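File shown: coords_1.pdb. Contents: PDB, C-alpha atoms, pLDDT in the B column.
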```pdb
ATOM      1  CA  MET A   1     -23.593 108.620  43.596  1.00 68.00           C
ATOM      2  CA  THR A   2     -24.684 112.213  43.145  1.00 82.00           C
ATOM      3  CA  VAL A   3     -24.844 114.579  46.075  1.00 89.00           C
ATOM      4  CA  MET A   4     -28.297 116.027  46.739  1.00 88.00           C
ATOM      5  CA  SER A   5     -28.925 119.489  48.042  1.00 92.00           C
ATOM      6  CA  ALA A   6     -30.671 119.900  51.373  1.00 92.00           C
ATOM      7  CA  GLU A   7     -33.839 120.942  49.529  1.00 92.00           C
ATOM      8  CA  GLU A   8     -33.794 117.837  47.325  1.00 93.00           C
ATOM      9  CA  MET A   9     -33.262 115.581  50.338  1.00 93.00           C
ATOM     10  CA  GLU A  10     -36.049 117.330  52.234  1.00 94.00           C
ATOM     11  CA  GLY A  11     -38.392 116.826  49.281  1.00 93.00           C
ATOM     12  CA  ARG A  12     -37.599 113.119  49.039  1.00 93.00           C
ATOM     13  CA  LEU A  13     -38.015 112.589  52.786  1.00 95.00           C
ATOM     14  CA  ASN A  14     -41.291 114.530  52.764  1.00 93.00           C
ATOM     15  CA  ALA A  15     -42.538 112.322  49.924  1.00 91.00           C
ATOM     16  CA  HIS A  16     -41.766 109.143  51.864  1.00 93.00           C
ATOM     17  CA  ARG A  17     -43.402 110.472  55.019  1.00 93.00           C
ATOM     18  CA  GLU A  18     -46.570 111.568  53.205  1.00 89.00           C
ATOM     19  CA  LEU A  19     -46.792 108.278  51.314  1.00 89.00           C
ATOM     20  CA  MET A  20     -46.524 106.270  54.524  1.00 91.00           C
ATOM     21  CA  ILE A  21     -49.123 108.373  56.339  1.00 91.00           C
ATOM     22  CA  ASP A  22     -51.558 108.246  53.405  1.00 88.00           C
ATOM     23  CA  PHE A  23     -50.989 104.530  52.844  1.00 89.00           C
ATOM     24  CA  ILE A  24     -51.595 103.566  56.456  1.00 91.00           C
ATOM     25  CA  ALA A  25     -54.676 105.807  56.602  1.00 90.00           C
ATOM     26  CA  ALA A  26     -55.971 104.173  53.398  1.00 89.00           C
ATOM     27  CA  LEU A  27     -55.407 100.693  54.808  1.00 89.00           C
ATOM     28  CA  LEU A  28     -57.339 101.608  57.924  1.00 91.00           C
ATOM     29  CA  GLY A  29     -60.128 103.136  55.814  1.00 89.00           C
ATOM     30  CA  GLY A  30     -60.921 100.099  53.675  1.00 87.00           C
ATOM     31  CA  GLU A  31     -61.310  99.438  49.942  1.00 87.00           C
ATOM     32  CA  GLU A  32     -62.842 102.785  48.939  1.00 87.00           C
ATOM     33  CA  SER A  33     -60.130 104.603  50.849  1.00 87.00           C
ATOM     34  CA  LEU A  34     -57.429 102.559  49.057  1.00 85.00           C
ATOM     35  CA  GLN A  35     -58.885 103.499  45.666  1.00 85.00           C
ATOM     36  CA  SER A  36     -58.914 107.169  46.646  1.00 86.00           C
ATOM     37  CA  PHE A  37     -55.301 106.846  47.808  1.00 85.00           C
ATOM     38  CA  THR A  38     -54.262 105.430  44.429  1.00 82.00           C
ATOM     39  CA  SER A  39     -55.940 108.337  42.621  1.00 82.00           C
ATOM     40  CA  ARG A  40     -54.230 110.898  44.852  1.00 79.00           C
ATOM     41  CA  LEU A  41     -50.843 109.329  44.134  1.00 76.00           C
ATOM     42  CA  ALA A  42     -51.226 110.063  40.444  1.00 72.00           C
ATOM     43  CA  GLU A  43     -52.059 113.695  41.238  1.00 72.00           C
ATOM     44  CA  ASP A  44     -49.151 114.089  43.667  1.00 64.00           C
ATOM     45  CA  ALA A  45     -46.689 112.663  41.167  1.00 62.00           C
ATOM     46  CA  SER A  46     -47.550 115.314  38.605  1.00 61.00           C
ATOM     47  CA  PHE A  47     -46.674 118.493  40.518  1.00 55.00           C
ATOM     48  CA  LYS A  48     -46.750 121.562  38.313  1.00 53.00           C
ATOM     49  CA  ASP A  49     -45.321 124.850  39.471  1.00 51.00           C
ATOM     50  CA  HIS A  50     -47.581 127.022  37.235  1.00 50.00           C
ATOM     51  CA  GLU A  51     -44.824 129.591  36.840  1.00 51.00           C
ATOM     52  CA  GLU A  52     -45.426 132.028  34.026  1.00 50.00           C
ATOM     53  CA  ASP A  53     -41.725 132.708  33.402  1.00 52.00           C
ATOM     54  CA  PRO A  54     -39.855 129.413  32.999  1.00 53.00           C
ATOM     55  CA  GLY A  55     -36.543 131.300  32.944  1.00 56.00           C
ATOM     56  CA  VAL A  56     -36.812 132.276  36.582  1.00 63.00           C
ATOM     57  CA  VAL A  57     -34.387 130.440  38.877  1.00 64.00           C
ATOM     58  CA  PRO A  58     -36.397 128.141  41.150  1.00 63.00           C
ATOM     59  CA  GLY A  59     -36.281 128.825  44.871  1.00 75.00           C
ATOM     60  CA  PRO A  60     -35.641 126.279  47.604  1.00 77.00           C
ATOM     61  CA  GLY A  61     -39.369 125.686  48.144  1.00 77.00           C
ATOM     62  CA  LEU A  62     -39.918 124.803  44.506  1.00 84.00           C
ATOM     63  CA  ILE A  63     -36.913 122.475  44.537  1.00 86.00           C
ATOM     64  CA  THR A  64     -38.350 120.702  47.582  1.00 88.00           C
ATOM     65  CA  GLN A  65     -41.781 120.302  45.938  1.00 87.00           C
ATOM     66  CA  THR A  66     -40.420 119.059  42.616  1.00 88.00           C
ATOM     67  CA  SER A  67     -38.115 116.626  44.421  1.00 89.00           C
ATOM     68  CA  ALA A  68     -41.092 115.275  46.358  1.00 88.00           C
ATOM     69  CA  ALA A  69     -43.140 114.869  43.173  1.00 87.00           C
ATOM     70  CA  SER A  70     -40.216 113.177  41.442  1.00 89.00           C
ATOM     71  CA  GLU A  71     -39.765 110.772  44.354  1.00 90.00           C
ATOM     72  CA  ILE A  72     -43.461 109.879  44.405  1.00 88.00           C
ATOM     73  CA  ARG A  73     -43.348 109.329  40.635  1.00 88.00           C
ATOM     74  CA  SER A  74     -40.316 107.057  41.037  1.00 90.00           C
ATOM     75  CA  ILE A  75     -41.981 105.054  43.802  1.00 89.00           C
ATOM     76  CA  MET A  76     -45.180 104.719  41.750  1.00 87.00           C
ATOM     77  CA  ASP A  77     -43.241 103.502  38.711  1.00 89.00           C
ATOM     78  CA  ALA A  78     -41.489 100.860  40.802  1.00 90.00           C
ATOM     79  CA  ALA A  79     -44.765  99.790  42.424  1.00 87.00           C
ATOM     80  CA  ARG A  80     -46.495  99.463  39.047  1.00 86.00           C
ATOM     81  CA  ALA A  81     -43.622  97.397  37.692  1.00 89.00           C
ATOM     82  CA  ARG A  82     -43.731  95.105  40.719  1.00 89.00           C
ATOM     83  CA  ALA A  83     -47.515  94.710  40.477  1.00 85.00           C
ATOM     84  CA  GLN A  84     -47.257  93.839  36.777  1.00 88.00           C
ATOM     85  CA  ALA A  85     -44.503  91.325  37.481  1.00 89.00           C
ATOM     86  CA  ARG A  86     -46.628  89.667  40.172  1.00 85.00           C
ATOM     87  CA  GLN A  87     -49.634  89.484  37.829  1.00 85.00           C
ATOM     88  CA  ARG A  88     -47.545  87.794  35.172  1.00 87.00           C
ATOM     89  CA  LYS A  89     -46.168  85.359  37.744  1.00 80.00           C
ATOM     90  CA  TYR A  90     -49.620  84.191  38.801  1.00 72.00           C
TER      91      TYR A  90
END
```

Once more with this new file: its structure as structure tokens, please.
Amino acid sequence: MTVMSAEEMEGRLNAHRELMIDFIAALLGGEESLQSFTSRLAEDASFKDHEEDPGVVPGPGLITQTSAASEIRSIMDAARARAQARQRKY
């Protein structure tokens, strides 16, 4: 197992927290809210730092944001795979 920096861990934890809050809010909001939630997930998973100089060493804040985006992307990939597996099963 690889050791994560504090910034990477913070990003992953932030991603889980935000996903849970958004998911529960979407459930409470109904079908339209769930569709909006799904669209936002795709946006959140594709964080771009918009830095003009890619050679610059990223700061802790950027590491936290990219870790969060990576975690959301990973969760989305797993959720899609599970949904596809369930569709094939039925």

Just so the selection is clear, what residues does the PyMOL selection byres ((chain A and resi 18) around 12) cover here, as a list in words? Gly11, Arg12, Leu13, Asn14, Ala15, His16, Arg17, Leu19, Met20, Ile21, Asp22, Phe23, Ile24, Ala25, Ala26, Phe37, Arg40, Leu41, Asp44, Ala68, Ala69, Glu71 and Ile72 of chain A

What does the structure give for the distance between atom CA of A:Glu7 and atom CA of A:Thr66, in Å to one decimal? 9.7 Å

Which value, in Å to one decimal, gives the distance between atom CA of A:Ser67 and atom CA of A:Glu10?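 According to the coordinates, atom CA of A:Ser67 and atom CA of A:Glu10 are separated by 8.1 Å.
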
To one decimal place in Å, what is the distance between atom CA of A:Ala42 and atom CA of A:Ala83?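 Rounded to one decimal, the two atoms are 15.8 Å apart.
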
Taking all atoms of stretch 38-44 of chain A that appear in the file, build a box with edges along x, y and z, extend it by 4 Å on every side, and state its centre and edge lengths in Å to one decimal, as AutoDock Vina command-line options.
```
--center_x -52.5 --center_y 109.8 --center_z 42.6 --size_x 14.8 --size_y 16.7 --size_z 12.4
```

Compare A:Glu8, A:Gly29, A:Ser39, A:Ala81 by their minimum atom-to-atom distance to A:Leu62, counting only C-alpha atoms, and give me the closest one.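 Of all the options, A:Glu8 lies closest to A:Leu62.
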